[in-house]
$ cat data_29.cif   # mmCIF, C-alpha atoms
data_protein
#
loop_
_atom_site.label_atom_id
_atom_site.label_comp_id
_atom_site.auth_asym_id
_atom_site.auth_seq_id
_atom_site.Cartn_x
_atom_site.Cartn_y
_atom_site.Cartn_z
CA MET A 1 21.86 1.65 27.86
CA ALA A 2 22.39 1.24 24.13
CA ARG A 3 21.00 3.81 21.71
CA ALA A 4 18.92 3.10 18.63
CA SER A 5 21.70 4.38 16.37
CA ASP A 6 24.13 1.79 17.81
CA LEU A 7 22.06 -0.94 16.14
CA ILE A 8 22.58 0.68 12.74
CA GLN A 9 26.35 0.84 12.97
CA GLY A 10 26.60 -2.92 13.33
CA LEU A 11 24.55 -3.64 10.20
CA LYS A 12 26.49 -5.28 7.43
CA GLY A 13 25.62 -4.26 3.88
CA LEU A 14 22.70 -2.06 4.92
CA ALA A 15 24.69 0.87 6.28
CA THR A 16 24.41 2.56 2.88
CA LEU A 17 21.72 2.57 0.21
CA PRO A 18 22.12 0.73 -3.09
CA ASP A 19 24.37 2.53 -5.54
CA ILE A 20 21.63 2.89 -8.13
CA TYR A 21 19.52 5.04 -5.80
CA LEU A 22 22.45 7.32 -4.96
CA ARG A 23 23.25 7.80 -8.64
CA LEU A 24 19.61 8.58 -9.27
CA CYS A 25 19.63 11.19 -6.47
CA ASP A 26 22.68 12.81 -8.03
CA VAL A 27 21.04 13.29 -11.43
CA VAL A 28 17.63 14.26 -10.03
CA ASN A 29 19.20 16.88 -7.75
CA ASN A 30 21.54 18.22 -10.40
CA PRO A 31 19.90 21.28 -11.97
CA HIS A 32 21.86 20.69 -15.18
CA SER A 33 20.58 17.18 -15.79
CA SER A 34 17.53 16.41 -17.89
CA ALA A 35 14.81 13.78 -17.78
CA ALA A 36 16.85 11.87 -20.36
CA ASP A 37 19.79 11.68 -17.90
CA VAL A 38 17.45 10.24 -15.26
CA GLY A 39 16.17 7.75 -17.81
CA ARG A 40 19.70 6.64 -18.65
CA VAL A 41 20.53 5.90 -14.99
CA ILE A 42 17.37 3.81 -14.61
CA ALA A 43 17.89 2.03 -17.93
CA ASP A 44 21.33 0.94 -16.67
CA ASP A 45 19.54 -1.38 -14.25
CA PRO A 46 17.31 -3.78 -16.23
CA GLY A 47 15.64 -5.20 -13.09
CA LEU A 48 14.70 -1.73 -11.89
CA THR A 49 13.49 -0.73 -15.34
CA ALA A 50 11.24 -3.78 -15.59
CA ARG A 51 9.75 -3.19 -12.14
CA LEU A 52 9.10 0.49 -12.74
CA LEU A 53 7.38 -0.20 -16.07
CA LYS A 54 5.25 -2.92 -14.50
CA LEU A 55 4.26 -0.55 -11.69
CA VAL A 56 3.26 2.36 -13.93
CA ASN A 57 1.32 -0.05 -16.18
CA SER A 58 -0.52 -1.59 -13.23
CA ALA A 59 -3.95 -0.94 -11.77
CA MET A 60 -2.26 1.38 -9.26
CA TYR A 61 -2.07 3.98 -12.02
CA GLY A 62 -4.93 2.99 -14.29
CA PHE A 63 -3.47 4.69 -17.38
CA PRO A 64 -5.53 3.90 -20.46
CA SER A 65 -2.66 3.08 -22.80
CA ARG A 66 0.50 1.08 -22.30
CA ILE A 67 3.67 2.85 -21.18
CA GLU A 68 6.51 1.23 -23.10
CA SER A 69 9.64 3.12 -22.07
CA VAL A 70 11.31 4.73 -19.09
CA SER A 71 11.20 8.11 -20.79
CA GLU A 72 7.43 7.82 -21.22
CA ALA A 73 7.14 6.79 -17.56
CA ILE A 74 9.16 9.84 -16.52
CA GLY A 75 6.89 12.05 -18.62
CA ILE A 76 3.79 10.71 -16.89
CA VAL A 77 4.92 9.98 -13.35
CA GLY A 78 7.63 12.66 -13.05
CA THR A 79 11.28 12.33 -12.05
CA ALA A 80 10.77 12.91 -8.31
CA GLN A 81 8.07 10.26 -8.04
CA LEU A 82 10.05 7.81 -10.15
CA GLN A 83 13.00 8.41 -7.85
CA ASP A 84 10.80 7.46 -4.88
CA LEU A 85 9.60 4.30 -6.65
CA ALA A 86 13.22 3.42 -7.38
CA LEU A 87 13.97 3.90 -3.68
CA ALA A 88 11.11 1.57 -2.75
CA THR A 89 12.30 -1.22 -4.99
CA SER A 90 15.96 -0.68 -3.97
CA VAL A 91 15.19 -0.94 -0.26
CA ILE A 92 13.24 -4.16 -0.65
CA ARG A 93 16.15 -5.61 -2.57
CA ALA A 94 18.67 -4.44 0.03
CA PHE A 95 16.67 -6.22 2.72
CA ALA A 96 15.94 -9.32 0.65
CA ASP A 97 18.91 -11.19 2.09
CA MET A 98 18.09 -10.40 5.69
CA PRO A 99 17.14 -13.55 7.56
CA GLY A 100 13.63 -13.68 9.00
CA THR A 101 14.27 -14.35 12.64
CA LEU A 102 11.29 -13.67 14.91
CA VAL A 103 8.94 -12.65 12.11
CA SER A 104 9.34 -13.83 8.51
CA MET A 105 10.62 -11.15 6.15
CA GLU A 106 7.83 -11.99 3.74
CA SER A 107 5.18 -11.30 6.37
CA PHE A 108 7.03 -8.12 7.35
CA TRP A 109 7.13 -6.83 3.76
CA ARG A 110 3.50 -7.74 3.21
CA HIS A 111 2.51 -5.54 6.14
CA SER A 112 4.83 -2.81 4.84
CA VAL A 113 3.31 -2.94 1.33
CA ALA A 114 -0.23 -2.88 2.78
CA CYS A 115 0.70 0.27 4.71
CA ALA A 116 2.43 1.75 1.63
CA VAL A 117 -0.54 1.35 -0.73
CA SER A 118 -2.92 2.65 1.98
CA ALA A 119 -0.69 5.70 2.59
CA ARG A 120 -0.56 6.37 -1.15
CA LEU A 121 -4.37 6.20 -1.44
CA LEU A 122 -4.91 8.44 1.61
CA ALA A 123 -2.46 10.99 0.18
CA GLY A 124 -4.26 10.77 -3.17
CA ARG A 125 -7.61 11.48 -1.51
CA ARG A 126 -6.06 14.60 0.00
CA GLY A 127 -4.82 15.68 -3.40
CA GLU A 128 -1.18 15.51 -2.29
CA PRO A 129 1.09 15.98 -5.31
CA ASN A 130 3.75 13.47 -4.26
CA VAL A 131 1.84 10.29 -3.52
CA GLU A 132 4.90 8.08 -4.09
CA ARG A 133 6.70 9.81 -1.23
CA HIS A 134 3.87 8.61 1.04
CA PHE A 135 4.11 5.15 -0.52
CA VAL A 136 7.79 4.98 0.46
CA ALA A 137 7.07 6.33 3.96
CA GLY A 138 4.50 3.55 4.43
CA LEU A 139 6.88 0.97 3.04
CA LEU A 140 9.63 2.01 5.47
CA HIS A 141 7.52 2.77 8.57
CA ASP A 142 8.44 -0.42 10.46
CA ILE A 143 11.94 -0.87 8.99
CA GLY A 144 13.37 -0.67 12.53
CA ARG A 145 11.68 -3.94 13.47
CA PRO A 146 13.69 -6.44 11.41
CA ILE A 147 16.83 -4.60 12.55
CA LEU A 148 15.81 -5.01 16.20
CA TYR A 149 14.99 -8.68 15.60
CA LEU A 150 18.34 -9.27 13.91
CA GLN A 151 20.54 -7.24 16.26
CA ARG A 152 18.81 -7.98 19.58
CA PRO A 153 16.92 -11.26 19.11
CA ASP A 154 16.59 -12.20 22.78
CA GLU A 155 15.28 -8.87 24.00
CA SER A 156 13.02 -8.62 20.91
CA ALA A 157 11.54 -12.03 21.72
CA ARG A 158 10.94 -10.78 25.24
CA ALA A 159 9.14 -7.67 23.94
CA LEU A 160 6.96 -9.80 21.63
CA ASP A 161 6.16 -12.13 24.50
CA ARG A 162 5.35 -9.29 26.90
CA SER A 163 3.01 -7.73 24.33
CA ARG A 164 1.22 -11.06 23.83
CA ARG A 165 0.71 -11.44 27.58
CA SER A 166 -0.10 -7.85 28.54
CA GLY A 167 -2.13 -6.88 25.47
CA GLU A 168 -0.13 -3.64 25.31
CA PRO A 169 0.99 -2.49 21.85
CA LEU A 170 4.33 -3.99 20.86
CA TYR A 171 6.04 -0.62 20.43
CA ARG A 172 5.34 0.20 24.10
CA GLU A 173 6.80 -3.11 25.22
CA GLU A 174 9.84 -2.47 23.03
CA HIS A 175 10.24 0.79 24.91
CA GLN A 176 10.09 -1.06 28.24
CA VAL A 177 12.72 -3.57 27.14
CA PHE A 178 15.12 -1.38 25.13
CA GLY A 179 14.49 2.15 26.36
CA PHE A 180 13.55 3.01 22.75
CA ASP A 181 11.37 1.36 20.10
CA HIS A 182 11.45 0.38 16.43
CA THR A 183 10.50 3.90 15.30
CA HIS A 184 13.81 5.22 16.70
CA VAL A 185 15.77 2.44 15.00
CA GLY A 186 14.00 3.15 11.70
CA GLY A 187 14.63 6.89 12.13
CA ALA A 188 18.33 6.24 12.78
CA LEU A 189 18.57 4.10 9.62
CA LEU A 190 16.90 6.77 7.49
CA GLN A 191 19.33 9.35 8.88
CA ALA A 192 22.27 7.08 8.10
CA TRP A 193 20.89 6.75 4.58
CA ARG A 194 20.47 10.54 4.39
CA LEU A 195 16.89 10.20 3.19
CA PRO A 196 14.64 13.28 3.09
CA HIS A 197 13.34 14.67 6.39
CA THR A 198 9.71 14.02 5.34
CA LEU A 199 10.43 10.28 5.36
CA PHE A 200 12.38 10.56 8.61
CA GLU A 201 9.48 12.21 10.48
CA ALA A 202 6.85 9.93 8.95
CA VAL A 203 8.77 6.86 10.17
CA LEU A 204 9.91 8.25 13.54
CA TYR A 205 6.46 9.55 14.51
CA HIS A 206 4.07 7.01 12.99
CA HIS A 207 2.97 5.94 16.49
CA THR A 208 3.13 9.46 17.92
CA PRO A 209 2.06 11.71 15.04
CA HIS A 210 1.41 14.63 17.42
CA ASN A 211 5.22 14.92 17.76
CA ALA A 212 5.79 15.54 14.05
CA ARG A 213 6.64 19.25 13.88
CA ARG A 214 7.76 19.81 10.31
CA HIS A 215 5.79 17.12 8.48
CA PRO A 216 2.61 16.43 10.48
CA ILE A 217 0.61 15.32 7.43
CA GLU A 218 3.18 12.70 6.40
CA ALA A 219 3.23 11.25 9.93
CA ALA A 220 -0.59 11.31 10.14
CA VAL A 221 -0.93 9.57 6.76
CA VAL A 222 1.34 6.72 7.85
CA HIS A 223 -0.37 6.51 11.27
CA VAL A 224 -3.79 5.99 9.65
CA ALA A 225 -2.38 3.77 6.88
CA ASP A 226 -0.82 1.52 9.53
CA LEU A 227 -4.27 1.18 11.16
CA LEU A 228 -5.81 0.15 7.84
CA ALA A 229 -3.00 -2.33 7.12
CA ASN A 230 -3.43 -3.94 10.53
CA ALA A 231 -7.22 -3.98 10.16
CA LEU A 232 -6.92 -5.74 6.79
CA GLU A 233 -4.51 -8.24 8.41
CA LEU A 234 -2.23 -8.31 5.38
CA GLY A 235 1.09 -9.55 6.77
CA SER A 236 2.50 -8.47 10.12
CA SER A 237 5.66 -6.91 11.50
CA GLY A 238 5.09 -8.58 14.86
CA GLU A 239 2.13 -6.55 16.11
CA HIS A 240 -1.24 -8.26 16.23
CA GLY A 241 -4.19 -6.00 15.62
CA LEU A 242 -4.48 -2.22 15.64
CA ALA A 243 -1.84 -0.79 17.96
CA HIS A 244 -2.90 2.70 18.92
CA PHE A 245 -4.99 5.48 17.40
CA GLU A 246 -4.60 9.26 17.70
CA SER A 247 -7.83 10.80 16.50
CA ALA A 248 -6.15 14.20 16.03
CA ALA A 249 -4.00 12.65 13.27
CA TRP A 250 -7.12 11.50 11.43
CA ASP A 251 -8.77 14.93 11.86
CA ARG A 252 -5.70 16.54 10.34
CA LEU A 253 -6.19 14.63 7.07
CA HIS A 254 -9.65 16.07 6.28
CA ILE A 255 -10.75 12.95 4.40
CA PRO A 256 -14.49 12.15 4.51
CA ILE A 257 -15.09 8.97 6.52
CA ALA A 258 -17.57 7.82 3.87
CA GLU A 259 -14.62 7.27 1.50
CA ILE A 260 -12.94 4.73 3.78
CA PRO A 261 -14.75 1.53 2.72
CA GLU A 262 -13.93 2.12 -0.95
CA LEU A 263 -10.39 3.17 -0.10
CA MET A 264 -9.90 -0.09 1.81
CA ALA A 265 -11.19 -2.13 -1.14
CA GLU A 266 -8.85 -0.23 -3.43
CA ALA A 267 -5.96 -0.76 -1.01
CA GLU A 268 -6.55 -4.50 -1.18
CA ASP A 269 -6.49 -4.41 -5.00
CA HIS A 270 -3.32 -2.31 -5.05
CA TYR A 271 -1.74 -4.55 -2.43
CA ASP A 272 -2.12 -7.59 -4.69
CA VAL A 273 -0.60 -5.65 -7.58
CA ALA A 274 2.33 -4.25 -5.59
CA VAL A 275 3.17 -7.56 -3.89
CA GLY A 276 3.32 -9.23 -7.30
CA ILE A 277 5.54 -6.56 -8.83
CA LEU A 278 7.90 -6.00 -5.92
CA ALA A 279 8.28 -9.83 -5.83
CA LEU A 280 8.69 -10.05 -2.10
CA ASP A 281 9.81 -13.62 -1.92
CA GLN A 282 12.16 -13.83 -4.86
CA ALA A 283 15.61 -12.36 -5.30
CA ALA A 284 16.08 -9.98 -8.22
CA MET B 1 -17.69 -17.06 -33.60
CA SER B 2 -20.86 -15.85 -35.29
CA ALA B 3 -23.18 -16.44 -32.34
CA ARG B 4 -20.92 -14.29 -30.20
CA ARG B 5 -20.85 -11.59 -32.88
CA ALA B 6 -24.63 -11.60 -33.01
CA ALA B 7 -24.71 -11.16 -29.26
CA ALA B 8 -22.24 -8.29 -29.56
CA HIS B 9 -24.44 -6.59 -32.14
CA ALA B 10 -27.34 -6.95 -29.78
CA GLY B 11 -25.43 -4.89 -27.21
CA ARG B 12 -27.30 -2.36 -25.17
CA LEU B 13 -26.17 1.06 -24.12
CA VAL B 14 -26.02 1.36 -20.32
CA PRO B 15 -25.37 4.55 -18.33
CA ILE B 16 -22.26 4.31 -16.17
CA GLU B 17 -24.34 4.33 -12.97
CA ALA B 18 -26.03 1.09 -14.03
CA VAL B 19 -22.86 -0.74 -15.11
CA VAL B 20 -21.99 -3.47 -12.62
CA GLU B 21 -19.27 -6.06 -12.21
CA GLY B 22 -19.69 -9.14 -14.38
CA MET B 23 -21.10 -7.33 -17.43
CA THR B 24 -19.20 -7.87 -20.72
CA THR B 25 -18.43 -4.98 -23.05
CA ALA B 26 -20.00 -5.45 -26.50
CA GLU B 27 -18.02 -2.61 -28.09
CA PRO B 28 -14.60 -1.11 -27.36
CA VAL B 29 -14.76 1.48 -24.57
CA LYS B 30 -13.05 4.78 -25.36
CA ASP B 31 -12.47 7.93 -23.36
CA ARG B 32 -13.59 11.38 -24.48
CA ALA B 33 -10.43 11.80 -26.53
CA GLY B 34 -11.14 8.54 -28.36
CA ARG B 35 -8.33 6.58 -26.69
CA LEU B 36 -9.05 2.89 -26.25
CA LEU B 37 -9.62 2.00 -22.59
CA MET B 38 -10.95 -1.55 -22.91
CA PRO B 39 -11.52 -3.80 -25.92
CA SER B 40 -14.89 -5.37 -26.61
CA GLY B 41 -15.41 -8.65 -24.76
CA THR B 42 -13.92 -7.33 -21.49
CA VAL B 43 -15.64 -8.82 -18.44
CA LEU B 44 -15.89 -5.81 -16.15
CA GLU B 45 -14.36 -6.06 -12.71
CA ALA B 46 -14.27 -3.54 -9.85
CA SER B 47 -10.99 -2.08 -11.14
CA HIS B 48 -12.54 -1.51 -14.58
CA LEU B 49 -15.51 0.28 -13.06
CA ARG B 50 -13.17 2.60 -11.17
CA ALA B 51 -11.16 3.26 -14.33
CA LEU B 52 -14.38 4.08 -16.24
CA SER B 53 -15.42 6.72 -13.74
CA ARG B 54 -11.85 8.03 -13.50
CA TRP B 55 -11.68 8.54 -17.25
CA GLY B 56 -15.06 10.20 -17.45
CA VAL B 57 -16.88 7.51 -19.46
CA SER B 58 -20.64 8.13 -19.26
CA THR B 59 -22.06 5.10 -21.11
CA VAL B 60 -20.89 1.59 -21.99
CA THR B 61 -22.31 -0.84 -24.54
CA VAL B 62 -22.57 -4.24 -22.89
CA GLU B 63 -23.63 -7.59 -24.30
CA ALA B 64 -27.39 -8.00 -24.07
CA ASN B 65 -27.26 -11.78 -24.08
CA GLY B 66 -24.86 -13.70 -21.97
CA GLY B 67 -23.46 -10.45 -20.70
CA GLU B 68 -25.67 -10.29 -17.67
CA PRO B 69 -23.75 -10.24 -14.45
CA GLU B 70 -23.44 -13.40 -12.42
CA PRO B 71 -25.99 -13.26 -9.65
CA ALA B 72 -24.29 -11.24 -6.93
CA ALA B 73 -22.84 -13.32 -4.12
CA SER B 74 -25.62 -13.63 -1.62
CA ALA B 75 -25.41 -11.12 1.19
CA PRO B 76 -23.77 -12.56 4.28
CA THR B 77 -26.19 -14.19 6.69
CA PRO B 78 -26.67 -12.69 10.16
CA GLU B 79 -24.85 -15.72 11.57
CA ARG B 80 -21.81 -15.05 9.38
CA LEU B 81 -21.81 -11.40 10.41
CA VAL B 82 -21.83 -12.36 14.07
CA GLU B 83 -19.00 -14.84 13.51
CA ALA B 84 -16.99 -12.20 11.67
CA GLU B 85 -17.55 -9.67 14.46
CA LEU B 86 -16.33 -12.15 17.04
CA ALA B 87 -13.28 -13.07 14.96
CA LEU B 88 -12.33 -9.42 14.54
CA LYS B 89 -12.86 -8.36 18.15
CA SER B 90 -9.30 -9.26 19.10
CA VAL B 91 -7.86 -7.30 16.17
CA PHE B 92 -9.70 -4.17 17.37
CA ARG B 93 -9.37 -4.87 21.10
CA ARG B 94 -7.34 -1.74 21.85
CA MET B 95 -9.55 0.63 19.84
CA ASP B 96 -12.26 3.02 20.96
CA MET B 97 -15.14 1.50 19.00
CA GLY B 98 -17.17 4.67 19.53
CA HIS B 99 -14.86 6.67 17.26
CA PRO B 100 -16.52 7.10 13.83
CA LEU B 101 -13.38 6.15 11.87
CA ILE B 102 -12.72 3.02 13.92
CA HIS B 103 -16.39 2.11 13.63
CA VAL B 104 -16.29 2.38 9.82
CA ILE B 105 -13.03 0.41 9.54
CA PHE B 106 -14.49 -2.29 11.78
CA ARG B 107 -17.76 -2.55 9.81
CA THR B 108 -15.83 -2.73 6.55
CA CYS B 109 -13.65 -5.54 7.92
CA VAL B 110 -16.69 -7.42 9.26
CA LEU B 111 -18.45 -7.27 5.88
CA ARG B 112 -15.27 -8.33 4.07
CA GLU B 113 -14.70 -11.20 6.49
CA ALA B 114 -18.33 -12.35 6.42
CA SER B 115 -18.66 -12.28 2.65
CA ARG B 116 -15.52 -14.21 1.89
CA GLY B 117 -16.51 -17.20 3.99
CA GLY B 118 -14.59 -19.12 6.60
CA GLY B 119 -10.95 -20.10 6.65
CA GLY B 120 -9.67 -17.07 4.76
CA ARG B 121 -8.16 -15.19 7.64
CA HIS B 122 -4.52 -15.04 8.42
CA GLY B 123 -2.19 -13.06 10.64
#
$ encode --input "data_29.cif" --output "C-alpha cells"
Amino acid sequence: MARASDLIQGLKGLATLPDIYLRLCDVVNNPHSSAADVGRVIADDPGLTARLLKLVNSAMYGFPSRIESVSEAIGIVGTAQLQDLALATSVIRAFADMPGTLVSMESFWRHSVACAVSARLLAGRRGEPNVERHFVAGLLHDIGRPILYLQRPDESARALDRSRRSGEPLYREEHQVFGFDHTHVGGALLQAWRLPHTLFEAVLYHHTPHNARRHPIEAAVVHVADLLANALELGSSGEHGLAHFESAAWDRLHIPIAEIPELMAEAEDHYDVAVGILALDQAA
Amino acid sequence: MSARRAAAHAGRLVPIEAVVEGMTTAEPVKDRAGRLLMPSGTVLEASHLRALSRWGVSTVTVEANGGEPEPAASAPTPERLVEAELALKSVFRRMDMGHPLIHVIFRTCVLREASRGGGGRHG
C-alpha cells in the first residue's frame, strides 16, 4: 500500500516552499540580522508587503493608528509573527494554481481561513504569545485534502461517497480507503517543507489531539477551531458538519465556555477580513 | 452642514456599558494617551465596540439627535428558532449534544441562523 509521503513526491511545484519564505527564514534565524534586514526581504516582494500591511491594519489587530511601513509592522507584530503571516500568504499563493477537483479550492481555502481565524482567537484567549503560529496551523490543517484529491481522485471520490452514505467522518473513510488520511498527507508535506514541529503536530493530530506529545496545546487549538469552522459552515474541505470531538482537548485549553459565543462572532468578522485580504479567488 | 453640527453639539456623554451598535459619535474618540481611535460621525458597529473596550475607553459622546440606534432587529420568532434547529441538526449529527461546549456552539449557531433569516445558509 502507498504511503502518505509518496503523494508528496509526485507534486509538481509544491515540493518546496516559495523562495521568499525561505529567504525570510534565513534572516529571521540568523542571529546577526536585524529587524531592518527582515524588512528588506519583505519589501522585495510588493505583493507580500501590501498584504501584510493590509492585515496589520485590519480589524484582526484593531490598532488605533495606521501602520504605514513594514518596519512599523515589524515593531508592532514582531519578526517571528510576521514570518508566520508571510508563510500563510505564501502557501495560499503556492496552492492558487492547483485545480479544484472534488472540492473547489475556494471552498477549501474558506474553510481553512475560518479555522485559522478561530485558532488565532482561541490562542489569544489563552494568552498565547504567538497567535500567528496558531493562525498558520489552522490555515494548513487540511492541506492534505487537496493533495489527496489531486493525486488520488478516484479513491478520494470513493471516500467522500462512503462518508456521505455511512455518516462516518470523512477522515475515517479516508483511512478505510487509503490506509492513512489527509492528516498524514498534510504532515508529510510540512516535513518536506521543513516547517516547525509545532505546525507539524498541530496538522498531523488535529483529529486525534490526544496523540500530540510535544505540542498538545497547538493540536487542541486546531481541533476546537476546526469544530467552530465547521459549525459556522464557512467553506468546506469535503467534510459536512462537525467531524469528531475530543472533550479532553477542550479541557486542556482552559477557556471559559461563556466566551465562545463572542469568540464565534469575532471569528466571523475576522473571517470576512482575512478572506478579503488573502484574496482567495484571485492570483497575485 | 449646520444642522448636523448643531446635532453634534447636542451630543450626550454615554458610559461605555450603555454604548450600543448604531449610535453615531458626536466627538472624536481618543484613548487614554490621547490617540485618535475614531473620528466624530462614526456609526458604531460591533467591531468598534470591541475596539473601545480593548483600548480602555470609558465614555463616548454620541449624537443626541439622529444618533439613536436603529431599532434592534426583532428577536427571532419561536418558529424561526425551531426551523434553525432543524436545519442545523445534520451539521451536529455526530456530536454529543449533552457536552457543554457543543451545546453552546449549537445554541450560538441556532441564534445566528434564526436571526439572519432564510436562504443564507451554504455548505
$ closest_atom_pairs --input "data_29.cif" --of "chain A" --to "chain B" --cutoff "6 Å" --atoms "all atoms listed in the file" --output "Markdown table"
| residue | atom | partner | partner_atom | distance |
| --- | --- | --- | --- | --- |
| A:Pro64 | CA | B:Leu37 | CA | 5.0 |
| A:Glu233 | CA | B:Gly123 | CA | 5.8 |
| A:Gly241 | CA | B:Val91 | CA | 3.9 |
| A:Leu242 | CA | B:Phe92 | CA | 5.8 |
| A:Pro261 | CA | B:Thr108 | CA | 5.8 |
$ atom_distance --input "data_29.cif" --atom1 "atom CA of Thr79 of chain A" --atom2 "atom CA of Gln191 of chain A"
22.6 Å
$ atom_distance --input "data_29.cif" --atom1 "atom CA of Leu278 of chain A" --atom2 "atom CA of Thr89 of chain A"
6.6 Å
$ residues_near_point --input "data_29.cif" --point "(6.3, 8.8, 0.7)" --cutoff "8 Å" --atoms "all atoms listed in the file" --output "number ranges by chain"
A: 84, 119-120, 130-138, 198-199, 218
$ closest_residue --input "data_29.cif" --among "A:Val117, A:His111, A:Ala274, A:Arg164" --to "Ala231 of chain A" --atoms "all atoms listed in the file"
A:His111
$ closest_residue --input "data_29.cif" --among "B:Pro39, B:Leu49, B:Gly34, B:Arg80" --to "Gly22 of chain B" --atoms "all atoms listed in the file"
B:Leu49
$ closest_residue --input "data_29.cif" --among "A:Glu168, A:Ser118, A:Gly187, A:Glu239" --to "Glu262 of chain A" --atoms "only C-alpha atoms"
A:Ser118
$ residues_near_point --input "data_29.cif" --point "(8.0, -2.4, 24.2)" --cutoff "9 Å" --atoms "only C-alpha atoms" --output "list in words"
Ser156, Arg158, Ala159, Leu160, Arg162, Ser163, Glu168, Pro169, Leu170, Tyr171, Arg172, Glu173, Glu174, His175, Gln176, Val177, Phe178, Gly179, Phe180, Asp181 and His182 of chain A
$ write_last_selection --input "data_29.cif" --atoms "C-alpha atoms" --output "PDB file, in the coordinates of the input"
ATOM      1  CA  SER A 156      13.020  -8.620  20.910  1.00  0.00           C
ATOM      2  CA  ARG A 158      10.940 -10.780  25.240  1.00  0.00           C
ATOM      3  CA  ALA A 159       9.140  -7.670  23.940  1.00  0.00           C
ATOM      4  CA  LEU A 160       6.960  -9.800  21.630  1.00  0.00           C
ATOM      5  CA  ARG A 162       5.350  -9.290  26.900  1.00  0.00           C
ATOM      6  CA  SER A 163       3.010  -7.730  24.330  1.00  0.00           C
ATOM      7  CA  GLU A 168      -0.130  -3.640  25.310  1.00  0.00           C
ATOM      8  CA  PRO A 169       0.990  -2.490  21.850  1.00  0.00           C
ATOM      9  CA  LEU A 170       4.330  -3.990  20.860  1.00  0.00           C
ATOM     10  CA  TYR A 171       6.040  -0.620  20.430  1.00  0.00           C
ATOM     11  CA  ARG A 172       5.340   0.200  24.100  1.00  0.00           C
ATOM     12  CA  GLU A 173       6.800  -3.110  25.220  1.00  0.00           C
ATOM     13  CA  GLU A 174       9.840  -2.470  23.030  1.00  0.00           C
ATOM     14  CA  HIS A 175      10.240   0.790  24.910  1.00  0.00           C
ATOM     15  CA  GLN A 176      10.090  -1.060  28.240  1.00  0.00           C
ATOM     16  CA  VAL A 177      12.720  -3.570  27.140  1.00  0.00           C
ATOM     17  CA  PHE A 178      15.120  -1.380  25.130  1.00  0.00           C
ATOM     18  CA  GLY A 179      14.490   2.150  26.360  1.00  0.00           C
ATOM     19  CA  PHE A 180      13.550   3.010  22.750  1.00  0.00           C
ATOM     20  CA  ASP A 181      11.370   1.360  20.100  1.00  0.00           C
ATOM     21  CA  HIS A 182      11.450   0.380  16.430  1.00  0.00           C
TER      22      HIS A 182
END
$ decode --input "data_29.cif" --residues "segment 110-134 of chain A" --atoms "C-alpha atoms" --output "JSON list (two decimals), in the first residue's frame"
[["chain", "number", "residue", "atom", "x", "y", "z"],
["A", 110, "ARG", "CA", -12.59, 29.41, 3.01],
["A", 111, "HIS", "CA", -12.80, 26.53, 5.46],
["A", 112, "SER", "CA", -9.06, 26.84, 6.11],
["A", 113, "VAL", "CA", -9.32, 30.59, 6.81],
["A", 114, "ALA", "CA", -12.32, 30.04, 9.11],
["A", 115, "CYS", "CA", -10.25, 27.52, 11.08],
["A", 116, "ALA", "CA", -7.22, 29.85, 11.04],
["A", 117, "VAL", "CA", -9.03, 32.89, 12.48],
["A", 118, "SER", "CA", -10.76, 30.68, 15.08],
["A", 119, "ALA", "CA", -7.43, 29.13, 16.11],
["A", 120, "ARG", "CA", -5.89, 32.60, 16.40],
["A", 121, "LEU", "CA", -8.75, 33.81, 18.62],
["A", 122, "LEU", "CA", -8.64, 30.70, 20.84],
["A", 123, "ALA", "CA", -4.88, 31.12, 21.25],
["A", 124, "GLY", "CA", -5.43, 34.81, 22.06],
["A", 125, "ARG", "CA", -7.96, 33.92, 24.76],
["A", 126, "ARG", "CA", -5.33, 31.66, 26.31],
["A", 127, "GLY", "CA", -2.82, 34.48, 26.25],
["A", 128, "GLU", "CA", -0.51, 32.56, 23.90],
["A", 129, "PRO", "CA", 2.31, 34.84, 22.75],
["A", 130, "ASN", "CA", 2.49, 33.54, 19.17],
["A", 131, "VAL", "CA", -1.07, 33.74, 17.89],
["A", 132, "GLU", "CA", 0.04, 33.87, 14.24],
["A", 133, "ARG", "CA", 1.64, 30.44, 14.59],
["A", 134, "HIS", "CA", -1.82, 29.12, 15.51]]
